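File shown: protein_38.pdb. Contents: PDB, C-alpha atoms.
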```
MODEL        1
ATOM      1  CA  MET Z   5      48.148 105.734  33.411
ATOM      2  CA  THR Z   6      48.536 106.749  29.760
ATOM      3  CA  MET Z   7      50.532 104.321  27.636
ATOM      4  CA  CYS Z   8      53.128 105.818  25.307
ATOM      5  CA  LEU Z   9      52.996 104.336  21.822
ATOM      6  CA  THR Z  10      54.548 104.906  18.410
ATOM      7  CA  VAL Z  11      53.255 104.716  14.848
ATOM      8  CA  ASN Z  12      55.338 101.582  14.310
ATOM      9  CA  ASP Z  13      53.704  99.948  17.347
ATOM     10  CA  VAL Z  14      50.259 100.725  15.978
ATOM     11  CA  MET Z  15      51.102  99.482  12.484
ATOM     12  CA  GLU Z  16      52.510  96.238  13.841
ATOM     13  CA  HIS Z  17      49.811  95.359  16.369
ATOM     14  CA  LEU Z  18      46.738  96.684  14.524
ATOM     15  CA  LYS Z  19      47.937  95.749  11.033
ATOM     16  CA  LEU Z  20      47.509  99.285   9.724
ATOM     17  CA  GLY Z  21      49.408 101.092   6.991
ATOM     18  CA  PRO Z  22      51.340 104.335   7.646
ATOM     19  CA  ASN Z  23      48.340 106.606   7.039
ATOM     20  CA  GLY Z  24      46.017 104.554   9.230
ATOM     21  CA  GLY Z  25      48.708 104.399  11.901
ATOM     22  CA  PHE Z  26      49.081 108.180  12.008
ATOM     23  CA  VAL Z  27      45.311 108.693  12.168
ATOM     24  CA  TYR Z  28      45.039 106.208  15.054
ATOM     25  CA  CYS Z  29      47.890 107.888  16.956
ATOM     26  CA  MET Z  30      46.442 111.362  16.497
ATOM     27  CA  GLU Z  31      43.042 110.211  17.729
ATOM     28  CA  TYR Z  32      44.726 108.449  20.663
ATOM     29  CA  LEU Z  33      46.537 111.678  21.561
ATOM     30  CA  GLU Z  34      43.269 113.596  21.371
ATOM     31  CA  LYS Z  35      41.758 111.243  23.946
ATOM     32  CA  ASN Z  36      44.820 111.517  26.198
ATOM     33  CA  MET Z  37      45.519 115.231  26.201
ATOM     34  CA  ASP Z  38      46.609 115.063  29.829
ATOM     35  CA  TRP Z  39      49.785 113.290  28.657
ATOM     36  CA  LEU Z  40      50.609 116.133  26.268
ATOM     37  CA  LEU Z  41      49.692 118.931  28.671
ATOM     38  CA  LYS Z  42      51.858 117.428  31.420
ATOM     39  CA  ARG Z  43      54.883 117.626  29.125
ATOM     40  CA  LEU Z  44      54.058 121.111  27.856
ATOM     41  CA  THR Z  45      53.577 122.698  31.275
ATOM     42  CA  PRO Z  46      57.334 123.094  32.054
ATOM     43  CA  LEU Z  47      57.722 124.790  28.629
ATOM     44  CA  LYS Z  48      54.917 127.297  29.114
ATOM     45  CA  ASP Z  49      57.135 130.344  28.514
ATOM     46  CA  LYS Z  50      59.032 128.852  25.571
ATOM     47  CA  TYR Z  51      58.633 129.332  21.828
ATOM     48  CA  LEU Z  52      57.443 125.881  20.717
ATOM     49  CA  LEU Z  53      57.554 124.174  17.334
ATOM     50  CA  PHE Z  54      55.285 121.170  16.764
ATOM     51  CA  ASP Z  55      56.541 119.121  13.813
ATOM     52  CA  LEU Z  56      53.506 117.170  12.624
ATOM     53  CA  PRO Z  57      53.263 114.263  10.130
ATOM     54  CA  GLY Z  58      52.774 115.096   6.464
ATOM     55  CA  GLN Z  59      49.693 112.925   5.882
ATOM     56  CA  VAL Z  60      47.173 115.456   4.535
ATOM     57  CA  GLU Z  61      44.106 113.585   5.759
ATOM     58  CA  LEU Z  62      45.077 114.526   9.317
ATOM     59  CA  TYR Z  63      44.394 118.173   8.472
ATOM     60  CA  THR Z  64      41.802 118.062   5.684
ATOM     61  CA  HIS Z  65      38.960 115.952   7.075
ATOM     62  CA  ASN Z  66      39.979 114.048  10.229
ATOM     63  CA  ASN Z  67      39.074 116.101  13.314
ATOM     64  CA  ALA Z  68      41.673 114.882  15.835
ATOM     65  CA  ALA Z  69      44.438 117.390  15.007
ATOM     66  CA  ARG Z  70      41.928 120.242  14.872
ATOM     67  CA  ASN Z  71      40.486 119.293  18.264
ATOM     68  CA  ILE Z  72      43.956 119.060  19.816
ATOM     69  CA  VAL Z  73      45.016 122.549  18.706
ATOM     70  CA  LYS Z  74      41.592 123.931  19.585
ATOM     71  CA  GLN Z  75      42.023 122.757  23.177
ATOM     72  CA  LEU Z  76      45.523 124.225  23.340
ATOM     73  CA  VAL Z  77      44.221 127.579  22.099
ATOM     74  CA  ASP Z  78      40.840 127.794  23.839
ATOM     75  CA  THR Z  79      41.610 126.084  27.154
ATOM     76  CA  GLU Z  80      45.356 126.385  27.645
ATOM     77  CA  ASP Z  81      45.778 129.850  26.063
ATOM     78  CA  TYR Z  82      48.491 128.910  23.574
ATOM     79  CA  ARG Z  83      48.902 131.258  20.603
ATOM     80  CA  LEU Z  84      49.370 128.921  17.670
ATOM     81  CA  VAL Z  85      49.944 129.414  13.953
ATOM     82  CA  ALA Z  86      49.859 126.647  11.342
ATOM     83  CA  ILE Z  87      52.648 126.519   8.751
ATOM     84  CA  HIS Z  88      51.741 124.273   5.827
ATOM     85  CA  LEU Z  89      54.616 123.160   3.585
ATOM     86  CA  VAL Z  90      54.250 121.947  -0.005
ATOM     87  CA  ASP Z  91      57.024 121.166  -2.493
ATOM     88  CA  SER Z  92      57.654 124.140  -4.760
ATOM     89  CA  HIS Z  93      58.286 122.022  -7.862
ATOM     90  CA  TYR Z  94      54.521 121.395  -8.065
ATOM     91  CA  CYS Z  95      54.332 124.874  -9.576
ATOM     92  CA  SER Z  96      55.730 123.457 -12.814
ATOM     93  CA  ASP Z  97      52.688 121.161 -13.233
ATOM     94  CA  PRO Z  98      49.331 123.022 -13.537
ATOM     95  CA  GLY Z  99      47.292 119.998 -12.434
ATOM     96  CA  LYS Z 100      49.381 119.380  -9.331
ATOM     97  CA  PHE Z 101      49.428 123.071  -8.440
ATOM     98  CA  ILE Z 102      45.625 123.194  -8.499
ATOM     99  CA  ALA Z 103      45.588 120.127  -6.222
ATOM    100  CA  VAL Z 104      48.012 121.935  -3.888
ATOM    101  CA  LEU Z 105      45.719 124.974  -3.830
ATOM    102  CA  LEU Z 106      42.702 122.879  -2.900
ATOM    103  CA  THR Z 107      44.600 120.977  -0.208
ATOM    104  CA  SER Z 108      45.961 124.221   1.250
ATOM    105  CA  LEU Z 109      42.533 125.852   1.327
ATOM    106  CA  THR Z 110      40.892 122.793   2.884
ATOM    107  CA  THR Z 111      43.584 122.654   5.570
ATOM    108  CA  MET Z 112      43.140 126.343   6.369
ATOM    109  CA  LEU Z 113      39.386 125.952   6.810
ATOM    110  CA  GLN Z 114      39.657 122.703   8.769
ATOM    111  CA  MET Z 115      42.372 123.739  11.235
ATOM    112  CA  ALA Z 116      40.915 127.225  11.813
ATOM    113  CA  LEU Z 117      44.240 128.741  12.913
ATOM    114  CA  PRO Z 118      46.280 131.711  11.704
ATOM    115  CA  HIS Z 119      47.845 130.046   8.686
ATOM    116  CA  ILE Z 120      50.928 130.363   6.484
ATOM    117  CA  ASN Z 121      51.401 128.367   3.290
ATOM    118  CA  VAL Z 122      54.999 127.738   2.276
ATOM    119  CA  LEU Z 123      56.534 126.609  -1.015
ATOM    120  CA  SER Z 124      59.374 124.536   0.389
ATOM    121  CA  LYS Z 125      62.539 123.335  -1.391
ATOM    122  CA  ALA Z 126      62.560 126.578  -3.352
ATOM    123  CA  ASP Z 127      66.007 125.758  -4.701
ATOM    124  CA  LEU Z 128      64.311 122.944  -6.677
ATOM    125  CA  ILE Z 129      61.397 125.019  -7.956
ATOM    126  CA  GLU Z 130      62.393 124.495 -11.585
ATOM    127  CA  LYS Z 131      63.602 120.933 -11.100
ATOM    128  CA  HIS Z 132      61.099 119.661 -13.696
ATOM    129  CA  GLY Z 133      61.331 122.602 -16.089
ATOM    130  CA  ARG Z 134      60.790 126.345 -16.256
ATOM    131  CA  LEU Z 135      57.599 127.786 -14.820
ATOM    132  CA  ASP Z 136      54.894 128.944 -17.210
ATOM    133  CA  PHE Z 137      54.463 132.220 -15.301
ATOM    134  CA  ASN Z 138      56.460 134.529 -13.048
ATOM    135  CA  LEU Z 139      56.988 133.340  -9.492
ATOM    136  CA  ASP Z 140      54.551 135.885  -8.047
ATOM    137  CA  PHE Z 141      51.750 134.259 -10.070
ATOM    138  CA  TYR Z 142      52.162 131.201  -7.825
ATOM    139  CA  THR Z 143      52.967 132.895  -4.528
ATOM    140  CA  GLU Z 144      50.086 135.373  -4.781
ATOM    141  CA  VAL Z 145      47.756 132.922  -6.584
ATOM    142  CA  LEU Z 146      46.853 135.408  -9.297
ATOM    143  CA  ASP Z 147      44.247 134.980 -12.059
ATOM    144  CA  LEU Z 148      43.939 131.190 -12.248
ATOM    145  CA  SER Z 149      42.077 131.283 -15.563
ATOM    146  CA  TYR Z 150      45.501 131.400 -17.213
ATOM    147  CA  LEU Z 151      46.373 128.165 -15.465
ATOM    148  CA  LEU Z 152      43.208 126.523 -16.783
ATOM    149  CA  GLY Z 153      44.365 127.273 -20.308
ATOM    150  CA  HIS Z 154      47.500 125.237 -19.735
ATOM    151  CA  LEU Z 155      45.481 122.376 -18.260
ATOM    152  CA  GLN Z 156      43.377 122.153 -21.398
ATOM    153  CA  ASP Z 157      46.526 121.598 -23.431
ATOM    154  CA  ASP Z 158      47.048 118.303 -21.596
ATOM    155  CA  PRO Z 159      44.983 115.509 -23.243
ATOM    156  CA  LEU Z 160      44.789 113.616 -19.956
ATOM    157  CA  LEU Z 161      43.413 116.604 -18.012
ATOM    158  CA  SER Z 162      41.297 118.282 -20.695
ATOM    159  CA  LYS Z 163      38.374 115.906 -20.036
ATOM    160  CA  TYR Z 164      38.213 117.277 -16.479
ATOM    161  CA  LYS Z 165      37.814 120.851 -17.730
ATOM    162  CA  ARG Z 166      34.579 121.555 -15.858
ATOM    163  CA  LEU Z 167      35.859 120.000 -12.618
ATOM    164  CA  ASN Z 168      39.040 122.078 -12.774
ATOM    165  CA  GLU Z 169      37.016 125.237 -13.420
ATOM    166  CA  VAL Z 170      34.904 124.569 -10.324
ATOM    167  CA  ILE Z 171      37.964 123.876  -8.131
ATOM    168  CA  VAL Z 172      39.666 127.055  -9.332
ATOM    169  CA  GLY Z 173      36.444 128.979  -8.722
ATOM    170  CA  VAL Z 174      36.280 127.758  -5.111
ATOM    171  CA  VAL Z 175      39.904 128.759  -4.456
ATOM    172  CA  GLU Z 176      39.376 132.209  -5.981
ATOM    173  CA  ASP Z 177      36.049 132.776  -4.191
ATOM    174  CA  TYR Z 178      37.670 132.224  -0.788
ATOM    175  CA  SER Z 179      40.742 134.251  -1.800
ATOM    176  CA  LEU Z 180      42.704 132.989   1.199
ATOM    177  CA  VAL Z 181      45.613 131.052  -0.282
ATOM    178  CA  ASN Z 182      49.048 132.524  -0.958
ATOM    179  CA  PHE Z 183      52.569 131.246  -0.419
ATOM    180  CA  ILE Z 184      55.981 132.197   0.911
ATOM    181  CA  PRO Z 185      58.930 130.493  -0.831
ATOM    182  CA  LEU Z 186      61.446 128.724   1.424
ATOM    183  CA  ASN Z 187      64.806 127.023   1.155
ATOM    184  CA  VAL Z 188      65.884 125.802   4.589
ATOM    185  CA  GLN Z 189      69.539 126.339   3.633
ATOM    186  CA  ASP Z 190      68.841 129.996   2.814
ATOM    187  CA  LYS Z 191      68.845 132.272   5.855
ATOM    188  CA  GLU Z 192      66.867 135.061   4.185
ATOM    189  CA  THR Z 193      63.926 132.833   3.253
ATOM    190  CA  MET Z 194      63.946 131.247   6.708
ATOM    191  CA  LEU Z 195      63.737 134.693   8.293
ATOM    192  CA  GLN Z 196      60.806 135.596   6.046
ATOM    193  CA  VAL Z 197      58.839 132.570   7.208
ATOM    194  CA  ARG Z 198      59.709 133.212  10.855
ATOM    195  CA  LYS Z 199      58.683 136.851  10.517
ATOM    196  CA  ALA Z 200      55.338 135.834   9.012
ATOM    197  CA  ALA Z 201      54.780 133.265  11.768
ATOM    198  CA  ASP Z 202      55.616 135.731  14.544
ATOM    199  CA  LYS Z 203      53.215 138.255  13.063
ATOM    200  CA  ALA Z 204      50.413 135.700  12.591
ATOM    201  CA  SER Z 205      50.707 134.412  16.176
ATOM    202  CA  GLY Z 206      51.029 137.886  17.701
ATOM    203  CA  TYR Z 207      54.436 137.030  19.132
ATOM    204  CA  VAL Z 208      55.944 140.230  17.721
ATOM    205  CA  PHE Z 209      53.580 142.251  19.903
ATOM    206  CA  GLY Z 210      54.461 140.386  23.094
ATOM    207  CA  GLU Z 211      56.690 141.319  25.984
ATOM    208  CA  GLY Z 212      60.397 141.198  25.322
ATOM    209  CA  GLU Z 213      60.016 142.208  21.673
ATOM    210  CA  ASP Z 214      60.562 145.573  20.022
ATOM    211  CA  ARG Z 215      57.530 147.532  21.186
ATOM    212  CA  THR Z 216      58.381 150.923  19.731
ATOM    213  CA  LEU Z 217      55.524 152.558  17.839
ATOM    214  CA  GLU Z 218      57.535 152.399  14.637
ATOM    215  CA  GLY Z 219      58.235 148.694  15.076
ATOM    216  CA  LEU Z 220      54.638 147.805  15.881
ATOM    217  CA  MET Z 221      53.204 149.828  12.992
ATOM    218  CA  SER Z 222      55.694 148.358  10.547
ATOM    219  CA  CYS Z 223      54.685 144.848  11.501
ATOM    220  CA  ALA Z 224      50.955 145.560  11.641
ATOM    221  CA  VAL Z 225      50.868 147.154   8.216
ATOM    222  CA  GLY Z 226      53.243 144.588   6.754
ATOM    223  CA  ALA Z 227      54.553 147.010   4.163
ATOM    224  CA  GLU Z 228      56.618 144.645   2.050
ATOM    225  CA  PHE Z 229      56.413 144.579  -1.725
ATOM    226  CA  GLU Z 230      55.831 141.165  -3.271
ATOM    227  CA  TYR Z 231      59.086 141.365  -5.226
ATOM    228  CA  GLU Z 232      60.980 141.722  -1.942
ATOM    229  CA  LYS Z 233      59.494 138.425  -0.746
ATOM    230  CA  ILE Z 234      60.378 136.465  -3.874
ATOM    231  CA  LYS Z 235      63.480 138.163  -5.241
ATOM    232  CA  ASN Z 236      65.883 135.939  -3.307
ATOM    233  CA  VAL Z 237      64.411 132.759  -4.783
ATOM    234  CA  ARG Z 238      63.953 134.273  -8.226
ATOM    235  CA  GLU Z 239      67.521 135.501  -8.467
ATOM    236  CA  LYS Z 240      69.230 132.465  -6.936
ATOM    237  CA  TYR Z 241      67.250 129.459  -8.083
ATOM    238  CA  MET Z 242      65.344 130.340 -11.271
ATOM    239  CA  ASP Z 243      66.360 130.792 -14.894
ATOM    240  CA  THR Z 244      65.447 134.430 -15.520
ATOM    241  CA  GLU Z 245      67.095 134.772 -18.913
TER     242      GLU Z 245
ENDMDL
END
```

Can you turn what I pasted into structure tokens?
Amino acid sequence: MTMCLTVNDVMEHLKLGPNGGFVYCMEYLEKNMDWLLKRLTPLKDKYLLFDLPGQVELYTHNNAARNIVKQLVDTEDYRLVAIHLVDSHYCSDPGKFIAVLLTSLTTMLQMALPHINVLSKADLIEKHGRLDFNLDFYTEVLDLSYLLGHLQDDPLLSKYKRLNEVIVGVVEDYSLVNFIPLNVQDKETMLQVRKAADKASGYVFGEGEDRTLEGLMSCAVGAEFEYEKIKNVREKYMDTE
């Protein structure tokens, strides 16, 4: 019989901190997949959302979460897509944005799922000051050499010039990372993320959805100009004057 436990239980009895507690629980779940599958079976025909902890080590180098989703995909035939949320205000700090890029890329490679990166809390994107570049520079991850120039202006970060150049080079060489801006209180941005998730998982091509040739081709091609994806955030939450 599988025992049900919580992060607080683990922290209390094993004297672990929050991060260690989450890692232990994820590894425990990996070893007791029968518990999870038993609860998922009645929901087999439902659209499921798994809200996972925000500790990045669970998705960057610990294998438990990856092994769990791999079993769901390979053995149980679930069609999963990972949605990775990062705070949008990191865009206002070149050093933090580069760290976000590296974390996002590492997570994509580690989890090996169809993947969507999201700049969350888009209404706070300029909370710490105006952005150095247009919003599409950050959502499309354009020429990062311009970002390096701003890093070198910071005395604290200038001594890591070579390291930052290498990190930026890795991100650009893979050319996988881009972002969709999101404000959970804004219906339009929520629909954009849902649309991207449905496309990435193949849900839009499933039974019960619009299966007209026009609808399928529109989704497959994804003909949507970048300005259309960011205009809502740019016009509502950014100082464009």

For this session: Let me know the residues the PyMOL selection byres ((chain Z and resi 38) around 12) catches in the file above, as a count of residues only.
Result: 20

Exercise. Mind telling me what the PyMOL selection byres ((chain Z and resi 189) around 12) catches here, as number ranges by chain?
Worked result: Z: 124-127, 186-188, 190-195, 237

Seminar exercise, completed: Atom pair atom CA of Z:Leu161 + atom CA of Z:Asn66, distance 28.6 Å

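Interatomic distance, atom CA of Z:Phe26 to atom CA of Z:Gly58: 9.6 Å.
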
For this session: Considering all atoms listed in the file, return as a VMD selection string whatever protein or nucleic-acid residues lie within 7 Å of stretch 89-104 of chain Z, sequence-local ones (same chain, fewer than 2 positions apart) excluded.
Result: chain Z and resid 87 106 to 108 121 to 126 128 to 135 142 151 154 to 155

Problem set entry | Picked residues, the PyMOL selection byres ((chain Z and resi 167-175) around 9), as a ChimeraX atom specification | /Z:99,102-103,105-106,109,148-149,152,155,161,163-166,176-181

Exercise. Smallest atom-to-atom distance to Z:His88: which of Z:Asn236, Z:Ser205, Z:Gln196, Z:Thr111, using only C-alpha atoms?
Worked result: Z:Thr111

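Reported to one decimal place, the separation of atom CA of Z:Cys29 from atom CA of Z:Tyr82 is 22.0 Å.
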
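Across Z:Leu62, Z:Ile234, Z:Val73, Z:Ala204, the tightest approach to Z:Phe141 is made by Z:Ile234 when counting all atoms listed in the file.
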
Exercise on stretch 159-176 of chain Z, axis-aligned box with 3 Å per side, report centre and edge lengths in Å to one decimal, as JSON:
```
{"center_x": 39.8, "center_y": 122.9, "center_z": -13.8, "size_x": 16.4, "size_y": 24.6, "size_z": 24.8}
```

Need to verify the contact set: Z:Gly24, 12 Å, only C-alpha atoms, exclusion of same-chain residues closer than 6 positions in sequence. Can you return it as a PDB file with C-alpha atoms, keeping the file's coordinate frame?
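The result, written out as result11.pdb:
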```
ATOM      1  CA  VAL Z  11      53.255 104.716  14.848  1.00  0.00           C
ATOM      2  CA  ASN Z  12      55.338 101.582  14.310  1.00  0.00           C
ATOM      3  CA  VAL Z  14      50.259 100.725  15.978  1.00  0.00           C
ATOM      4  CA  MET Z  15      51.102  99.482  12.484  1.00  0.00           C
ATOM      5  CA  GLU Z  16      52.510  96.238  13.841  1.00  0.00           C
ATOM      6  CA  LEU Z  18      46.738  96.684  14.524  1.00  0.00           C
ATOM      7  CA  MET Z  30      46.442 111.362  16.497  1.00  0.00           C
ATOM      8  CA  GLU Z  31      43.042 110.211  17.729  1.00  0.00           C
ATOM      9  CA  GLN Z  59      49.693 112.925   5.882  1.00  0.00           C
ATOM     10  CA  VAL Z  60      47.173 115.456   4.535  1.00  0.00           C
ATOM     11  CA  GLU Z  61      44.106 113.585   5.759  1.00  0.00           C
ATOM     12  CA  LEU Z  62      45.077 114.526   9.317  1.00  0.00           C
ATOM     13  CA  ASN Z  66      39.979 114.048  10.229  1.00  0.00           C
TER      14      ASN Z  66
END
```

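Among the candidates Z:Val197, Z:Leu84, Z:Ile120, Z:Met115, the residue lying nearest to Z:Leu52 is Z:Leu84 (atoms considered: all atoms listed in the file).
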
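Nearest to Z:Pro22 of all the residues Z:Thr10, Z:Thr79, Z:Ser162, Z:Thr143 is Z:Thr10, based on only C-alpha atoms.
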
For this session: Taking (41.6, 128.2, 11.5) in the file's own coordinates, collect the residues within 10 Å, counting all atoms listed in the file, and hand them back as a PyMOL selection string.
Result: chain Z and resi 70+73-74+84-86+111-119
